[in-house]
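Peer 1: Sharing a structure, written as structure tokens. Questions coming.
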Amino acid sequence: MTTETYNLVNVWLYSISALIALVMLGVALSQLKGLTDQVKQAVKSNSINQLNALLSLEQQIADRRLSLSKAGVELAELKGSDDQNKIDSCKLKFDEAKQMYLNGLDRLCFCVLKSLLDSEDMRLEYREIINSAVRDFSEDFQTATPYRNVKKVYEQWADK
């Protein structure tokens, strides 16, 4: 085989190799685009899931706050009553509603502390609610509070 024939065969083989490489690159780019689209969909889906979780949590807190308000009104209406059993019953109902409300806030604060929800967004929305809860129920936020997450967020947000 002459040098010229050898060179021609090499050029032909290199050309085929280059075409195969281009086809493979096209396939890889197509797969990469598909993966990029999947990641974008996953990010969008994750954002929607976070929003759904937040809305559910907000609804729970609102419902619990409403129950607390109703229990407080019932208790206030019994202020001059002589029926101690009814007063005690209303106090228990109020204390349970307060506990449920503060548990809901504590769950929200847990999500903020674990960066499951954006702290800055939550601070703008919930700072006054957290401040009011700590102020209105200060006896529940002493050293051994079961609402440690609320207390931590309250202290963090107080500095901002």
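As shown in the structure tokens, the chain order sets the letters A, B, ...; within each chain, residues go from 1, and ligands are also counted from 1 in the order they appear.
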For Val150 in chain A, please output as a VMD selection string all residues within 10 Å (counting only C-alpha atoms; exclusion window: fewer than 5 positions along the same chain).
Peer 2: chain A and resid 102 to 110 112 to 113 130 to 131 133 to 134 141 145 155 to 156
Peer 1: Which residues, written as a ChimeraX atom specification, have at least one atom at most 10 Å from range 73-76 of chain A, with only C-alpha atoms counted and residues fewer than 6 positions away on the same chain left out?
Peer 2: /A:67,86-94
Peer 1: Which value, in Å to one decimal, gives the distance between CA of Arg135 in chain A and CA of Tyr147 in chain A?
Peer 2: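 For CA of Arg135 in chain A relative to CA of Tyr147 in chain A, the distance reads 13.6 Å.
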Peer 1: Could you pull out the residues in chain A that DSSP calls alpha helix (DSSP H) from the backbone, as a ChimeraX atom specification?
Peer 2: /A:3-77,84-113,119-136,148-158
Peer 1: Name the closest residue to Gln50 in chain A among the candidates A:Leu13, A:Met100, A:Ala21, A:Leu117; distances are taken between atoms, counting only C-alpha atoms.
Peer 2: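 For Gln50 in chain A, the nearest of the given residues is A:Leu117.
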Peer 1: May I ask which of the residues A:Ala144, A:Leu57, A:Met122, A:Val27 is the closest one to Trp157 in chain A, counting only C-alpha atoms?
Peer 2: A:Met122
Peer 1: When you draw a straight line from CA of Arg127 in chain A to CA of Asn149 in chain A, how long is it in Å?
Peer 2: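 Rounded to one decimal, the two atoms are 13.5 Å apart.
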Peer 1: To one decimal in Å, tell me the separation between CA of Phe137 in chain A and CA of Leu55 in chain A.
Peer 2: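 Taking CA of Phe137 in chain A as the start and CA of Leu55 in chain A as the end point, the length is 24.8 Å.
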Peer 1: Please provide as an MDAnalysis selection string all residues within 7 Å of Leu68 in chain A, with the sequence filter that same-chain residues fewer than 4 positions apart are discarded (counting only C-alpha atoms).
Peer 2: chainID A and resid 64 72 94 97:98
Peer 1: Take the residues just selected and output them with N, CA and C atoms as a compact mmCIF listing (two decimals), in the first residue's frame.
Peer 2:
```
# COMPACT_ATOMS: atom_id res chain seq x y z
N ARG A 64 -56.77 28.67 64.14
CA ARG A 64 -56.46 28.57 65.57
C ARG A 64 -56.59 29.93 66.25
N GLY A 72 -61.75 33.50 74.01
CA GLY A 72 -61.51 34.71 74.81
C GLY A 72 -62.78 35.51 75.00
N PHE A 94 -60.12 28.18 76.60
CA PHE A 94 -59.23 29.27 76.20
C PHE A 94 -57.77 28.80 76.23
N ALA A 97 -57.10 26.52 73.30
CA ALA A 97 -57.04 27.29 72.05
C ALA A 97 -55.74 28.06 71.96
N LYS A 98 -55.30 28.62 73.08
CA LYS A 98 -54.03 29.36 73.10
C LYS A 98 -52.87 28.42 72.79
```
Peer 1: Which is closer to Leu51 in chain A than all the others in A:Glu125, A:Asp159, A:Asp118, A:Glu96, using only C-alpha atoms?
Peer 2: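 Between A:Glu125, A:Asp159, A:Asp118, A:Glu96, the residue approaching Leu51 in chain A most closely is A:Asp118.
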